[in-house]
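Participant: Following this message is one structure expressed as structure tokens.
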Amino acid sequence: MVRPTVLCRAECWPVKNSHVQEMKVAEMRILRWMYRYTRLEKIRNEVIRDNVGVSPLEDKMGKARLRWFENVKRRDMYASMRRCEMLALEGLRRGRGRPKKYWREVIRQNIALLQLTKDMTMDRMVWRLRIKVKC
């Protein structure tokens with residue numbers, strides 16, 4: 001029940017490393033609480049995840065993001081053109097400091113990590129098999 005709540009709309013987030021770290025900590029607190037483990041027992045996170053039978057939250061977020069990317073790539077061309085027009089009309093300004101991490105950059109990292117290509121999105125079965133994450 002907690003995972004779907006935490007991952008709600010995760011496919012659209014341009015996730016920062018600090019967000020990922022906070023979510024990992026929250027996930028492990030919940031898993032330790034469920035099995036009544038304390039940090040004093042010094043049980044590794046991987047061991048707890050194997051006992052519970054769940055994959056890391058970060059992997060599930062990546063899968064959700066890639067499934068959304070598949071849908072975006074497969075939609076009709078007019079929808080993407082309208083989106084580009086809307087962005088052009090917004091008149092984006094640059095702020096100070098490091099530029100924000102955009103969704104496209106996160107997708108590029110996920111695709112590179114799983115050794116995928118954008119052309120694979122057209123074959124739904126191949127794409128879903130390649131991005132599959134256990135539990």
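All residue names refer to the structure tokens as shown: chains lettered A, B, ... in order, residues numbered from 1 in each chain, ligands numbered from 1 in order.
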Among the residues of chain A, find those DSSP assigns to helix (DSSP H, G or I) from the backbone and print them as a VMD selection string.
Facilitator: chain A and resid 2 to 6 10 to 12 17 to 34 39 to 41 45 to 52 57 to 74 77 to 90 103 to 113 118 to 122 124 to 130
Participant: So which residues touch Asn71 (chain A) within 10 Å, counting only C-alpha atoms, skipping near sequence neighbours fewer than 5 positions away, as a list in words?
Facilitator: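 What passes the distance filter is Leu66, Asp76, Thr121, Met122 and Arg124 of chain A.
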Participant: Could you work out how far CA of Lys16 (chain A) lies from CA of Lys132 (chain A), giving the answer in Å with one decimal?
Facilitator: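 Here the two named atoms are 22.6 Å from each other.
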